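Scroll down for the structure; my scribbles are underneath it.
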Amino acid sequence: MHVRPRRNRSRAALRRLVRETRLSADDLVLPLFVQEGERLHTPIASLPGHARLSIDLLVETAREAEEAGLSGLALFPALPEAEKDSRGSASLKPDGLLQRAVRALKDAVPEMLIITDVALDPYSSDGHDGVLIGDRIDNDETLPLLAAMAVSQAEAGADVVAPSDMMDGRVRAIREALDAAGFSDVAIGSYCVKYASAFYGPFRDALESAPRAGDKRTYQMDPANVREALRELALDEAEGADWVMVKPGLVYADVIRLVREHTALPVAAYHVSGEYAMLRAAAERGWLDYERCLLESLLALKRAGADVIFSYGALDAARLLRAGATP
Ligand code: PBG
C-alpha cells in the first residue's frame, strides 16, 4: 500500500499545512435584535444566548463583537404591536427605533459594518414582507416602500442594506433610489436565494413577526427548487446587487455551492435561527458539544462556498477561533 491518505493526517502541523478551508472572525456577521427602552435585555426563549436589547445594551454587545474581531452586525428591530400597520410606515421614520440604533452603532463602533434588513415584516401588522392587498402580497405596490426604507436606513448610516423580502425587481428599485438620494456607496447585500423555510421560527418569535394569515410561499422560494436559484442570481446581478445570499444555510449547502460556481460576486450564507436553536437545544440536553458543532457548521458553510456567514453563534465562534480552536 503506497498510497495512504492517512499520512497527511498523521500530525497536527501537517493537518494545518494541508487544510483547505479556514474559518475566521473576518467571515462572520452577528445578527442582533433591538427594542425600545433602557437597560432592557429580554431573552428570546427559542434563541438561547440572544435577547431583544435596548440601544444602550446593543452598543455594549457591538463593542464586544468588535473586540472579538467580527466584521459586521445585522440589525433587526422589534417594534411594539401598536406601531405596526399594513404598509409598515414605522420603517420610514427618520427617528425610528432602527434608525436610532444605527446612529448609535456608527458612533460607538464606526469601523464595524452595519447591515440593515429591508422588508416590511418587522413593521407590518400582517407579518408579511410586502403589502397585503386582498389576499395577495402585491409586488409592485411594495417596491417603492422598500426603496424608501433603504434610503431611510442609509440616511441613518447603514453601510449595507439587505433586502430580504423576495419581491421581484427590488434590487433595481433600491439601487435607483439610493443613487438618486446620493448613497451610491451604500452596498446592497441581497437575500437573493431565500427559501420559504420552517427554520425561521425562532426569528419570528424574536420579532413577533410571524404572518398573521397564510405563509410566505408566494414570494419565498420552494425548498424543492435549485435551478430557480440561477434565475434569481441572474436578476440580482443585472439589477446591481453587491453580494448575493443563500438562506437558510446548512440545509441548502448544495445551493450555496451552485451559486458560488455561477457568480463572481461575494456569496453570503445565513445560518438561520432554527439551525442555531437546534444546536443549542441539543447542547442543553447534553447531546451535542455546542462549541465544536457550531464551528463545524460554520466551516461547512464556508467550504460550500460562502464568503460571508451570518450566524447567531458568530460572537461565540469568533472568541473560540481567537483562542485557537479549530473545528
Ligand atoms: C424577514 C427576515 C427573516 C429572516 C431574516 N429576515 C424571516 C422571514 O423571512 O420570515 C430569518 C432569519 C432567521 O431565521 O434567522 N424578512
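Labels for the C-alpha cells follow display order: chains A, B, ..., residues from 1 in each chain, ligands from 1.
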
### Query
Which residues sit within 7 Å of ligand 1, counting only C-alpha atoms and all ligand atoms, listed as a VMD selection string?
chain A and resid 117 119 121 129 164 to 165 199 to 204 210 271 to 274

Output N, CA, C and O atoms of each residue in that selection to a file, as an mmCIF file, in the first residue's frame.
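Generated file (selection_3.cif):
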```
data_model
loop_
_atom_site.group_PDB
_atom_site.id
_atom_site.type_symbol
_atom_site.label_atom_id
_atom_site.label_comp_id
_atom_site.auth_asym_id
_atom_site.auth_seq_id
_atom_site.Cartn_x
_atom_site.Cartn_y
_atom_site.Cartn_z
ATOM 1 N N ASP A 117 -31.833 45.277 7.481
ATOM 2 C CA ASP A 117 -32.735 44.401 6.735
ATOM 3 C C ASP A 117 -33.820 45.247 6.063
ATOM 4 O O ASP A 117 -34.431 46.097 6.707
ATOM 5 N N ALA A 119 -37.316 44.885 4.467
ATOM 6 C CA ALA A 119 -38.520 44.063 4.257
ATOM 7 C C ALA A 119 -39.563 44.652 5.191
ATOM 8 O O ALA A 119 -39.231 45.278 6.200
ATOM 9 N N ASP A 121 -41.817 43.027 7.114
ATOM 10 C CA ASP A 121 -42.386 42.215 8.208
ATOM 11 C C ASP A 121 -42.198 42.727 9.638
ATOM 12 O O ASP A 121 -43.134 42.646 10.432
ATOM 13 N N ASP A 129 -43.745 40.300 4.279
ATOM 14 C CA ASP A 129 -42.609 41.110 3.837
ATOM 15 C C ASP A 129 -43.014 42.190 2.843
ATOM 16 O O ASP A 129 -42.238 43.093 2.546
ATOM 17 N N SER A 164 -34.564 41.419 2.180
ATOM 18 C CA SER A 164 -34.824 40.011 2.491
ATOM 19 C C SER A 164 -36.255 39.635 2.129
ATOM 20 O O SER A 164 -36.767 38.614 2.562
ATOM 21 N N ASP A 165 -36.898 40.476 1.327
ATOM 22 C CA ASP A 165 -38.337 40.373 1.097
ATOM 23 C C ASP A 165 -38.733 39.474 -0.070
ATOM 24 O O ASP A 165 -39.888 39.062 -0.146
ATOM 25 N N PHE A 199 -37.339 26.867 9.187
ATOM 26 C CA PHE A 199 -36.222 27.135 10.101
ATOM 27 C C PHE A 199 -36.153 28.590 10.567
ATOM 28 O O PHE A 199 -35.236 28.958 11.278
ATOM 29 N N TYR A 200 -37.094 29.440 10.125
ATOM 30 C CA TYR A 200 -37.096 30.839 10.583
ATOM 31 C C TYR A 200 -37.921 31.027 11.859
ATOM 32 O O TYR A 200 -38.080 32.165 12.315
ATOM 33 N N GLY A 201 -38.438 29.943 12.420
ATOM 34 C CA GLY A 201 -39.353 30.053 13.566
ATOM 35 C C GLY A 201 -38.854 30.929 14.713
ATOM 36 O O GLY A 201 -39.538 31.875 15.120
ATOM 37 N N PRO A 202 -37.659 30.659 15.270
ATOM 38 C CA PRO A 202 -37.201 31.456 16.411
ATOM 39 C C PRO A 202 -37.030 32.944 16.077
ATOM 40 O O PRO A 202 -37.292 33.806 16.914
ATOM 41 N N PHE A 203 -36.639 33.254 14.849
ATOM 42 C CA PHE A 203 -36.527 34.660 14.432
ATOM 43 C C PHE A 203 -37.885 35.341 14.525
ATOM 44 O O PHE A 203 -38.012 36.472 15.001
ATOM 45 N N ARG A 204 -38.916 34.646 14.064
ATOM 46 C CA ARG A 204 -40.255 35.253 14.103
ATOM 47 C C ARG A 204 -40.753 35.371 15.545
ATOM 48 O O ARG A 204 -41.498 36.301 15.864
ATOM 49 N N ALA A 210 -44.464 36.660 12.874
ATOM 50 C CA ALA A 210 -44.997 35.574 12.040
ATOM 51 C C ALA A 210 -46.202 36.097 11.261
ATOM 52 O O ALA A 210 -46.949 36.946 11.763
ATOM 53 N N HIS A 271 -26.830 31.205 8.444
ATOM 54 C CA HIS A 271 -27.061 30.076 9.359
ATOM 55 C C HIS A 271 -28.224 30.564 10.226
ATOM 56 O O HIS A 271 -28.020 31.343 11.162
ATOM 57 N N VAL A 272 -29.450 30.179 9.865
ATOM 58 C CA VAL A 272 -30.621 30.883 10.401
ATOM 59 C C VAL A 272 -30.975 30.448 11.817
ATOM 60 O O VAL A 272 -30.397 29.514 12.379
ATOM 61 N N SER A 273 -31.972 31.138 12.356
ATOM 62 C CA SER A 273 -32.325 30.977 13.762
ATOM 63 C C SER A 273 -32.600 29.523 14.139
ATOM 64 O O SER A 273 -32.144 29.048 15.180
ATOM 65 N N GLY A 274 -33.330 28.801 13.300
ATOM 66 C CA GLY A 274 -33.666 27.414 13.628
ATOM 67 C C GLY A 274 -32.446 26.505 13.617
ATOM 68 O O GLY A 274 -32.342 25.565 14.421
#
```

### Task
Do a neighbour search on region 284-295 of chain A at 9 Å with only C-alpha atoms, toss out local chain neighbours closer than 2 positions, and write the hits as a list in words.
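The residues that qualify are Leu23, Tyr276, Leu279, Arg280, Ala281, Ala282, Ser297, Leu298, Leu299, Ala300, Gly313, Asp316, Ala317, Leu320, Leu321, Ala325, Thr326 and Pro327 of chain A.
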
Store the residues picked out above, limited to C-alpha atoms, as a short mmCIF file (atom, residue, chain, number, x, y, z; two decimals), in the first residue's frame.
```cif
data_model
loop_
_atom_site.label_atom_id
_atom_site.label_comp_id
_atom_site.auth_asym_id
_atom_site.auth_seq_id
_atom_site.Cartn_x
_atom_site.Cartn_y
_atom_site.Cartn_z
CA LEU A 23 -12.82 29.94 9.15
CA TYR A 276 -28.67 27.74 15.64
CA LEU A 279 -27.53 23.18 18.25
CA ARG A 280 -28.31 24.99 21.48
CA ALA A 281 -31.23 22.72 22.31
CA ALA A 282 -29.22 19.55 21.79
CA SER A 297 -21.35 24.11 10.97
CA LEU A 298 -19.85 27.48 10.06
CA LEU A 299 -16.84 25.84 8.47
CA ALA A 300 -19.20 23.71 6.39
CA GLY A 313 -23.21 31.98 17.05
CA ASP A 316 -19.07 32.63 20.27
CA ALA A 317 -17.29 31.36 17.18
CA LEU A 320 -13.29 30.33 20.09
CA LEU A 321 -11.24 30.97 16.95
CA ALA A 325 -9.96 26.37 18.47
CA THR A 326 -10.36 24.51 15.20
CA PRO A 327 -13.50 22.72 14.10
#
```

#### Entry: Residues within 9 Å of Ser71 (chain A), only C-alpha atoms, excluding chain neighbours under 6 positions, as a ChimeraX atom specification
/A:25-30,65,111-113

Written file, previous selection with all heavy atoms, as a PDB file, in the first residue's frame:
```
ATOM      1  N   ALA A  25     -12.846  35.091  12.084  1.00  0.00           N
ATOM      2  CA  ALA A  25     -13.819  36.086  12.541  1.00  0.00           C
ATOM      3  C   ALA A  25     -14.157  37.053  11.412  1.00  0.00           C
ATOM      4  O   ALA A  25     -15.266  37.595  11.356  1.00  0.00           O
ATOM      5  CB  ALA A  25     -13.271  36.831  13.753  1.00  0.00           C
ATOM      6  N   ASP A  26     -13.213  37.267  10.499  1.00  0.00           N
ATOM      7  CA  ASP A  26     -13.453  38.159   9.342  1.00  0.00           C
ATOM      8  C   ASP A  26     -14.665  37.736   8.528  1.00  0.00           C
ATOM      9  O   ASP A  26     -15.276  38.562   7.849  1.00  0.00           O
ATOM     10  CB  ASP A  26     -12.260  38.122   8.376  1.00  0.00           C
ATOM     11  CG  ASP A  26     -11.027  38.781   8.951  1.00  0.00           C
ATOM     12  OD1 ASP A  26     -11.161  39.572   9.896  1.00  0.00           O
ATOM     13  OD2 ASP A  26      -9.931  38.495   8.441  1.00  0.00           O
ATOM     14  N   ASP A  27     -14.958  36.447   8.534  1.00  0.00           N
ATOM     15  CA  ASP A  27     -16.040  35.918   7.688  1.00  0.00           C
ATOM     16  C   ASP A  27     -17.419  36.133   8.298  1.00  0.00           C
ATOM     17  O   ASP A  27     -18.423  35.860   7.646  1.00  0.00           O
ATOM     18  CB  ASP A  27     -15.895  34.389   7.517  1.00  0.00           C
ATOM     19  CG  ASP A  27     -14.524  33.974   7.031  1.00  0.00           C
ATOM     20  OD1 ASP A  27     -13.970  34.702   6.189  1.00  0.00           O
ATOM     21  OD2 ASP A  27     -14.009  32.938   7.496  1.00  0.00           O
ATOM     22  N   LEU A  28     -17.446  36.559   9.557  1.00  0.00           N
ATOM     23  CA  LEU A  28     -18.698  36.414  10.316  1.00  0.00           C
ATOM     24  C   LEU A  28     -19.447  37.713  10.581  1.00  0.00           C
ATOM     25  O   LEU A  28     -18.847  38.749  10.863  1.00  0.00           O
ATOM     26  CB  LEU A  28     -18.396  35.741  11.652  1.00  0.00           C
ATOM     27  CG  LEU A  28     -17.708  34.368  11.561  1.00  0.00           C
ATOM     28  CD1 LEU A  28     -17.387  33.853  12.963  1.00  0.00           C
ATOM     29  CD2 LEU A  28     -18.582  33.374  10.818  1.00  0.00           C
ATOM     30  N   VAL A  29     -20.759  37.609  10.522  1.00  0.00           N
ATOM     31  CA  VAL A  29     -21.671  38.713  10.831  1.00  0.00           C
ATOM     32  C   VAL A  29     -22.629  38.219  11.921  1.00  0.00           C
ATOM     33  O   VAL A  29     -23.159  37.111  11.834  1.00  0.00           O
ATOM     34  CB  VAL A  29     -22.475  39.121   9.575  1.00  0.00           C
ATOM     35  CG1 VAL A  29     -23.604  40.085   9.937  1.00  0.00           C
ATOM     36  CG2 VAL A  29     -21.560  39.743   8.525  1.00  0.00           C
ATOM     37  N   LEU A  30     -22.830  39.070  12.926  1.00  0.00           N
ATOM     38  CA  LEU A  30     -23.711  38.713  14.048  1.00  0.00           C
ATOM     39  C   LEU A  30     -25.056  39.427  13.921  1.00  0.00           C
ATOM     40  O   LEU A  30     -25.105  40.658  13.916  1.00  0.00           O
ATOM     41  CB  LEU A  30     -23.031  39.135  15.360  1.00  0.00           C
ATOM     42  CG  LEU A  30     -23.834  38.931  16.651  1.00  0.00           C
ATOM     43  CD1 LEU A  30     -24.020  37.447  16.957  1.00  0.00           C
ATOM     44  CD2 LEU A  30     -23.144  39.633  17.829  1.00  0.00           C
ATOM     45  N   ALA A  65     -18.431  42.580  20.076  1.00  0.00           N
ATOM     46  CA  ALA A  65     -18.291  41.967  18.748  1.00  0.00           C
ATOM     47  C   ALA A  65     -17.066  42.524  18.032  1.00  0.00           C
ATOM     48  O   ALA A  65     -16.317  41.786  17.373  1.00  0.00           O
ATOM     49  CB  ALA A  65     -19.553  42.220  17.934  1.00  0.00           C
ATOM     50  N   GLU A 111     -15.982  51.432  12.765  1.00  0.00           N
ATOM     51  CA  GLU A 111     -15.316  50.552  11.783  1.00  0.00           C
ATOM     52  C   GLU A 111     -16.138  49.314  11.448  1.00  0.00           C
ATOM     53  O   GLU A 111     -15.856  48.613  10.480  1.00  0.00           O
ATOM     54  CB  GLU A 111     -13.941  50.096  12.306  1.00  0.00           C
ATOM     55  CG  GLU A 111     -12.948  51.234  12.514  1.00  0.00           C
ATOM     56  CD  GLU A 111     -12.845  52.143  11.292  1.00  0.00           C
ATOM     57  OE1 GLU A 111     -12.744  51.607  10.174  1.00  0.00           O
ATOM     58  OE2 GLU A 111     -12.892  53.377  11.469  1.00  0.00           O
ATOM     59  N   MET A 112     -17.125  49.010  12.276  1.00  0.00           N
ATOM     60  CA  MET A 112     -17.907  47.799  12.004  1.00  0.00           C
ATOM     61  C   MET A 112     -18.940  48.063  10.936  1.00  0.00           C
ATOM     62  O   MET A 112     -19.547  49.130  10.891  1.00  0.00           O
ATOM     63  CB  MET A 112     -18.638  47.355  13.273  1.00  0.00           C
ATOM     64  CG  MET A 112     -17.748  46.662  14.237  1.00  0.00           C
ATOM     65  SD  MET A 112     -18.718  45.428  15.127  1.00  0.00           S
ATOM     66  CE  MET A 112     -18.192  43.983  14.306  1.00  0.00           C
ATOM     67  N   LEU A 113     -19.176  47.062  10.091  1.00  0.00           N
ATOM     68  CA  LEU A 113     -20.221  47.176   9.074  1.00  0.00           C
ATOM     69  C   LEU A 113     -21.575  47.038   9.730  1.00  0.00           C
ATOM     70  O   LEU A 113     -21.811  46.077  10.473  1.00  0.00           O
ATOM     71  CB  LEU A 113     -20.099  46.031   8.079  1.00  0.00           C
ATOM     72  CG  LEU A 113     -19.055  46.146   6.997  1.00  0.00           C
ATOM     73  CD1 LEU A 113     -19.122  44.891   6.134  1.00  0.00           C
ATOM     74  CD2 LEU A 113     -19.325  47.392   6.153  1.00  0.00           C
TER      75      LEU A 113
END
```

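Shortest separation to Gly157 (chain A) among A:Ser124, A:Ser89, A:Thr142, A:Thr116 occurs at residue A:Thr116, atoms counted being only C-alpha atoms.
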
### Query
CA of Val308 (chain A) and CA of Gly182 (chain A) are how many Å apart?
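The value is 26.6 Å.
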
Please provide as a CSV table (one decimal) with all heavy atoms, in the first residue's frame all residues within 12 Å of Asp242 (chain A), with the sequence filter that same-chain residues fewer than 2 positions apart are discarded (counting only C-alpha atoms).
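New file around.csv:
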```
chain,number,residue,atom,x,y,z
A,159,ASP,N,-24.3,50.7,6.3
A,159,ASP,CA,-23.2,50.5,5.3
A,159,ASP,C,-23.8,49.6,4.2
A,159,ASP,O,-23.4,49.8,3.0
A,159,ASP,CB,-22.0,49.8,5.9
A,159,ASP,CG,-21.4,50.7,7.0
A,159,ASP,OD1,-20.9,51.8,6.7
A,159,ASP,OD2,-21.5,50.2,8.2
A,160,VAL,N,-24.6,48.6,4.6
A,160,VAL,CA,-25.1,47.7,3.6
A,160,VAL,C,-26.6,47.5,3.9
A,160,VAL,O,-27.0,47.4,5.1
A,160,VAL,CB,-24.5,46.3,3.8
A,160,VAL,CG1,-25.0,45.3,2.8
A,160,VAL,CG2,-22.9,46.3,3.7
A,161,VAL,N,-27.4,47.7,2.9
A,161,VAL,CA,-28.8,47.4,3.1
A,161,VAL,C,-29.1,46.0,2.5
A,161,VAL,O,-28.6,45.7,1.4
A,161,VAL,CB,-29.8,48.5,2.4
A,161,VAL,CG1,-29.6,49.8,3.1
A,161,VAL,CG2,-29.5,48.6,0.9
A,162,ALA,N,-29.9,45.2,3.2
A,162,ALA,CA,-30.0,43.8,2.8
A,162,ALA,C,-31.5,43.5,2.6
A,162,ALA,O,-32.2,43.1,3.6
A,162,ALA,CB,-29.4,42.9,3.9
A,163,PRO,N,-32.0,43.6,1.4
A,163,PRO,CA,-33.4,43.2,1.1
A,163,PRO,C,-33.6,41.8,1.3
A,163,PRO,O,-33.0,40.9,0.6
A,163,PRO,CB,-33.6,43.7,-0.3
A,163,PRO,CG,-32.3,43.8,-0.9
A,163,PRO,CD,-31.3,44.1,0.2
A,171,VAL,N,-34.1,44.9,-6.1
A,171,VAL,CA,-32.7,45.3,-6.1
A,171,VAL,C,-32.5,46.6,-6.9
A,171,VAL,O,-31.9,47.6,-6.5
A,171,VAL,CB,-31.7,44.2,-6.5
A,171,VAL,CG1,-30.3,44.7,-6.6
A,171,VAL,CG2,-31.7,43.1,-5.4
A,172,ARG,N,-33.2,46.5,-8.1
A,172,ARG,CA,-33.1,47.7,-9.0
A,172,ARG,C,-33.8,48.9,-8.4
A,172,ARG,O,-33.2,50.0,-8.4
A,172,ARG,CB,-33.7,47.4,-10.4
A,172,ARG,CG,-33.9,48.6,-11.2
A,172,ARG,CD,-34.1,48.3,-12.7
A,172,ARG,NE,-32.9,47.6,-13.2
A,172,ARG,CZ,-33.0,46.7,-14.2
A,172,ARG,NH1,-34.1,46.4,-14.8
A,172,ARG,NH2,-31.9,46.1,-14.5
A,175,ARG,N,-31.5,50.2,-5.7
A,175,ARG,CA,-30.3,50.8,-6.2
A,175,ARG,C,-30.6,52.2,-6.8
A,175,ARG,O,-29.9,53.2,-6.5
A,175,ARG,CB,-29.7,49.9,-7.3
A,175,ARG,CG,-28.4,50.4,-7.9
A,175,ARG,CD,-27.2,50.2,-6.9
A,175,ARG,NE,-27.0,51.3,-6.1
A,175,ARG,CZ,-26.4,51.3,-4.9
A,175,ARG,NH1,-25.9,50.2,-4.4
A,175,ARG,NH2,-26.2,52.4,-4.1
A,184,SER,N,-24.6,56.4,-3.4
A,184,SER,CA,-24.1,55.4,-4.3
A,184,SER,C,-23.0,54.5,-3.7
A,184,SER,O,-22.7,53.4,-4.2
A,184,SER,CB,-23.4,56.1,-5.6
A,184,SER,OG,-22.5,57.0,-5.1
A,185,ASP,N,-22.5,54.8,-2.5
A,185,ASP,CA,-21.5,54.0,-1.8
A,185,ASP,C,-22.2,52.9,-0.9
A,185,ASP,O,-21.5,52.1,-0.4
A,185,ASP,CB,-20.6,54.8,-1.0
A,185,ASP,CG,-19.5,55.5,-1.8
A,185,ASP,OD1,-19.4,55.1,-3.0
A,185,ASP,OD2,-18.9,56.4,-1.3
A,186,VAL,N,-23.5,53.1,-0.7
A,186,VAL,CA,-24.1,52.1,0.2
A,186,VAL,C,-24.4,50.8,-0.6
A,186,VAL,O,-24.9,50.9,-1.7
A,186,VAL,CB,-25.5,52.7,0.7
A,186,VAL,CG1,-26.3,51.6,1.4
A,186,VAL,CG2,-25.2,53.8,1.7
A,187,ALA,N,-23.9,49.7,-0.1
A,187,ALA,CA,-24.0,48.4,-0.8
A,187,ALA,C,-25.3,47.7,-0.6
A,187,ALA,O,-26.0,47.9,0.4
A,187,ALA,CB,-22.9,47.5,-0.4
A,188,ILE,N,-25.7,46.9,-1.6
A,188,ILE,CA,-26.9,46.0,-1.5
A,188,ILE,C,-26.4,44.6,-1.3
A,188,ILE,O,-25.9,44.0,-2.2
A,188,ILE,CB,-27.8,46.2,-2.7
A,188,ILE,CG1,-28.3,47.6,-2.8
A,188,ILE,CG2,-29.0,45.2,-2.6
A,188,ILE,CD1,-29.2,47.9,-4.0
A,189,GLY,N,-26.7,44.1,-0.1
A,189,GLY,CA,-26.4,42.7,0.2
A,189,GLY,C,-27.7,41.9,0.0
A,189,GLY,O,-28.6,41.9,0.9
A,190,SER,N,-28.0,41.4,-1.2
A,190,SER,CA,-29.3,40.8,-1.5
A,190,SER,C,-29.5,39.4,-0.9
A,190,SER,O,-28.7,38.6,-1.1
A,190,SER,CB,-29.5,40.8,-3.0
A,190,SER,OG,-30.7,40.2,-3.3
A,191,TYR,N,-30.6,39.3,-0.2
A,191,TYR,CA,-31.1,37.9,0.1
A,191,TYR,C,-31.6,37.4,-1.2
A,191,TYR,O,-32.8,37.5,-1.5
A,191,TYR,CB,-32.2,37.9,1.2
A,191,TYR,CG,-31.8,38.3,2.6
A,191,TYR,CD1,-31.3,39.5,3.0
A,191,TYR,CD2,-31.9,37.3,3.6
A,191,TYR,CE1,-31.0,39.8,4.3
A,191,TYR,CE2,-31.6,37.6,4.9
A,191,TYR,CZ,-31.1,38.8,5.3
A,191,TYR,OH,-30.8,39.1,6.6
A,192,CYS,N,-30.7,36.9,-2.0
A,192,CYS,CA,-31.1,36.5,-3.4
A,192,CYS,C,-31.9,35.2,-3.5
A,192,CYS,O,-32.9,35.2,-4.2
A,192,CYS,CB,-29.7,36.5,-4.2
A,192,CYS,SG,-29.8,35.8,-5.8
A,233,LEU,N,-30.3,34.6,-9.2
A,233,LEU,CA,-28.9,35.1,-9.3
A,233,LEU,C,-28.7,36.0,-10.5
A,233,LEU,O,-28.2,37.2,-10.3
A,233,LEU,CB,-28.0,33.9,-9.3
A,233,LEU,CG,-26.5,34.3,-9.6
A,233,LEU,CD1,-25.9,35.2,-8.4
A,233,LEU,CD2,-25.6,33.0,-9.7
A,236,ASP,N,-30.5,39.4,-9.9
A,236,ASP,CA,-29.8,40.3,-8.9
A,236,ASP,C,-28.5,40.8,-9.4
A,236,ASP,O,-28.2,42.0,-9.1
A,236,ASP,CB,-29.6,39.5,-7.5
A,236,ASP,CG,-30.9,39.5,-6.7
A,236,ASP,OD1,-32.0,39.9,-7.2
A,236,ASP,OD2,-30.9,39.1,-5.5
A,237,GLU,N,-27.8,40.0,-10.1
A,237,GLU,CA,-26.6,40.5,-10.7
A,237,GLU,C,-26.9,41.7,-11.7
A,237,GLU,O,-26.3,42.7,-11.6
A,237,GLU,CB,-25.8,39.4,-11.5
A,237,GLU,CG,-25.1,38.5,-10.6
A,237,GLU,CD,-24.1,37.6,-11.3
A,237,GLU,OE1,-24.4,37.2,-12.5
A,237,GLU,OE2,-23.0,37.3,-10.8
A,238,ALA,N,-27.9,41.5,-12.5
A,238,ALA,CA,-28.2,42.5,-13.5
A,238,ALA,C,-28.8,43.8,-12.8
A,238,ALA,O,-28.5,44.9,-13.3
A,238,ALA,CB,-29.2,42.0,-14.5
A,239,GLU,N,-29.4,43.6,-11.7
A,239,GLU,CA,-30.0,44.7,-11.0
A,239,GLU,C,-29.1,45.5,-10.2
A,239,GLU,O,-29.4,46.5,-9.6
A,239,GLU,CB,-31.3,44.3,-10.2
A,239,GLU,CG,-32.4,43.8,-11.1
A,239,GLU,CD,-33.6,43.3,-10.3
A,239,GLU,OE1,-33.8,43.8,-9.1
A,239,GLU,OE2,-34.4,42.5,-10.8
A,240,GLY,N,-27.9,44.9,-10.0
A,240,GLY,CA,-26.8,45.7,-9.2
A,240,GLY,C,-26.6,45.2,-7.8
A,240,GLY,O,-26.1,46.0,-7.0
A,244,VAL,N,-24.7,38.3,-2.9
A,244,VAL,CA,-25.9,37.5,-3.0
A,244,VAL,C,-25.9,36.5,-1.9
A,244,VAL,O,-24.9,35.9,-1.6
A,244,VAL,CB,-26.0,36.8,-4.4
A,244,VAL,CG1,-26.4,37.8,-5.4
A,244,VAL,CG2,-24.7,36.1,-4.8
A,245,MET,N,-27.0,36.3,-1.2
A,245,MET,CA,-27.1,35.4,-0.1
A,245,MET,C,-28.0,34.2,-0.4
A,245,MET,O,-29.0,34.3,-1.2
A,245,MET,CB,-27.7,36.2,1.1
A,245,MET,CG,-27.8,35.3,2.3
A,245,MET,SD,-28.7,36.0,3.7
A,245,MET,CE,-27.5,37.1,4.3
A,263,THR,N,-21.2,32.7,-10.1
A,263,THR,CA,-21.1,34.1,-9.9
A,263,THR,C,-19.7,34.5,-9.5
A,263,THR,O,-19.0,33.7,-8.8
A,263,THR,CB,-22.1,34.7,-9.0
A,263,THR,OG1,-22.0,36.1,-9.0
A,263,THR,CG2,-21.9,34.2,-7.5
A,264,ALA,N,-19.3,35.7,-9.9
A,264,ALA,CA,-18.0,36.3,-9.3
A,264,ALA,C,-18.3,37.2,-8.1
A,264,ALA,O,-17.4,37.7,-7.5
A,264,ALA,CB,-17.3,37.1,-10.4
A,265,LEU,N,-19.6,37.4,-7.8
A,265,LEU,CA,-19.9,38.2,-6.7
A,265,LEU,C,-19.6,37.5,-5.4
A,265,LEU,O,-19.6,36.2,-5.4
A,265,LEU,CB,-21.4,38.5,-6.6
A,265,LEU,CG,-22.0,39.5,-7.7
A,265,LEU,CD1,-23.5,39.6,-7.6
A,265,LEU,CD2,-21.4,40.9,-7.5
A,266,PRO,N,-19.4,38.2,-4.3
A,266,PRO,CA,-19.3,37.5,-3.0
A,266,PRO,C,-20.6,36.8,-2.7
A,266,PRO,O,-21.7,37.3,-3.0
A,266,PRO,CB,-19.0,38.7,-2.0
A,266,PRO,CG,-18.5,39.8,-2.8
A,266,PRO,CD,-19.2,39.6,-4.2
A,267,VAL,N,-20.5,35.6,-2.1
A,267,VAL,CA,-21.7,34.9,-1.7
A,267,VAL,C,-21.8,34.8,-0.2
A,267,VAL,O,-20.8,34.6,0.5
A,267,VAL,CB,-21.6,33.4,-2.3
A,267,VAL,CG1,-22.7,32.6,-1.8
A,267,VAL,CG2,-21.5,33.4,-3.8
A,268,ALA,N,-23.0,35.1,0.3
A,268,ALA,CA,-23.2,35.0,1.7
A,268,ALA,C,-24.1,33.8,2.0
A,268,ALA,O,-24.9,33.4,1.2
A,268,ALA,CB,-23.8,36.3,2.2
```

### Message
With only C-alpha atoms as the counted atoms, please give the residues lying no more than 9 Å from Leu53 (chain A), apart from itself and same-chain residues fewer than 5 positions off, as a PyMOL selection string.
### Response
chain A and resi 32-43+58

Would you put the residues from that selection into a file with C-alpha atoms, as a PDB file, in the first residue's frame?
```
ATOM      1  CA  LEU A  32     -28.910  41.322  16.754  1.00  0.00           C
ATOM      2  CA  PHE A  33     -32.402  42.337  17.835  1.00  0.00           C
ATOM      3  CA  VAL A  34     -33.107  45.843  19.134  1.00  0.00           C
ATOM      4  CA  GLN A  35     -36.053  47.165  21.138  1.00  0.00           C
ATOM      5  CA  GLU A  36     -37.098  50.429  22.811  1.00  0.00           C
ATOM      6  CA  GLY A  37     -36.153  51.116  26.418  1.00  0.00           C
ATOM      7  CA  GLU A  38     -33.137  51.410  28.651  1.00  0.00           C
ATOM      8  CA  ARG A  39     -31.023  48.650  30.183  1.00  0.00           C
ATOM      9  CA  LEU A  40     -33.554  46.218  28.743  1.00  0.00           C
ATOM     10  CA  HIS A  41     -32.465  42.680  27.954  1.00  0.00           C
ATOM     11  CA  THR A  42     -35.432  40.470  27.056  1.00  0.00           C
ATOM     12  CA  PRO A  43     -34.275  36.887  26.426  1.00  0.00           C
ATOM     13  CA  LEU A  58     -26.942  46.835  21.877  1.00  0.00           C
TER      14      LEU A  58
END
```

### Query
Which of these, A:Lys216, A:Leu75, A:Glu81, A:Asp95, has the shortest distance to Gly130 (chain A) once you count only C-alpha atoms?
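Of A:Lys216, A:Leu75, A:Glu81, A:Asp95, the one nearest Gly130 (chain A) is A:Lys216, counting only C-alpha atoms.
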
### Task
Find the distance between CA of Ala154 (chain A) and CA of Leu92 (chain A) and write it in Å to one decimal.
11.2 Å

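The shortest atom-to-atom distance to Val193 (chain A), with only C-alpha atoms taken into account, belongs to A:Lys247 out of A:Arg217, A:Arg260, A:Arg170, A:Lys247.
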
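Distances from A:Thr61, A:Ser152, A:Ser46, A:Ser197 to Gly249 (chain A) were compared using only C-alpha atoms, and the smallest one belongs to A:Ser197.
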
### Task
Check the DSSP output for the backbone and give back, as an MDAnalysis selection string, the residues of region 3-185 of chain A in alpha helix (DSSP H).
chainID A and resid 12:18 55:67 97:108 139:156 170:180

### Residue contacts of Pro80 (chain A) (10 Å, only C-alpha atoms) excluding same-chain residues fewer than 3 positions away, as a VMD selection string
chain A and resid 35 to 36 77 83 to 84 122 to 123 207 to 208

### Task
Have a look at A:Ala206, A:Asp254, A:Arg322, A:Ala74 and name the one nearest to Pro48 (chain A); count only C-alpha atoms.
A:Ala206

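When CA of Gly324 (chain A) is paired with CA of Glu66 (chain A), their separation reads 17.9 Å.
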
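Within region 156-259 of chain A, residues classed as strand (DSSP E) by DSSP on backbone coordinates are Val160, Val161, Ala162, Pro163, Ala187, Ile188, Gly189, Ser190, Tyr191, Cys192, Val193, Lys194, Trp243, Val244, Met245, Val246 and Lys247 of chain A.
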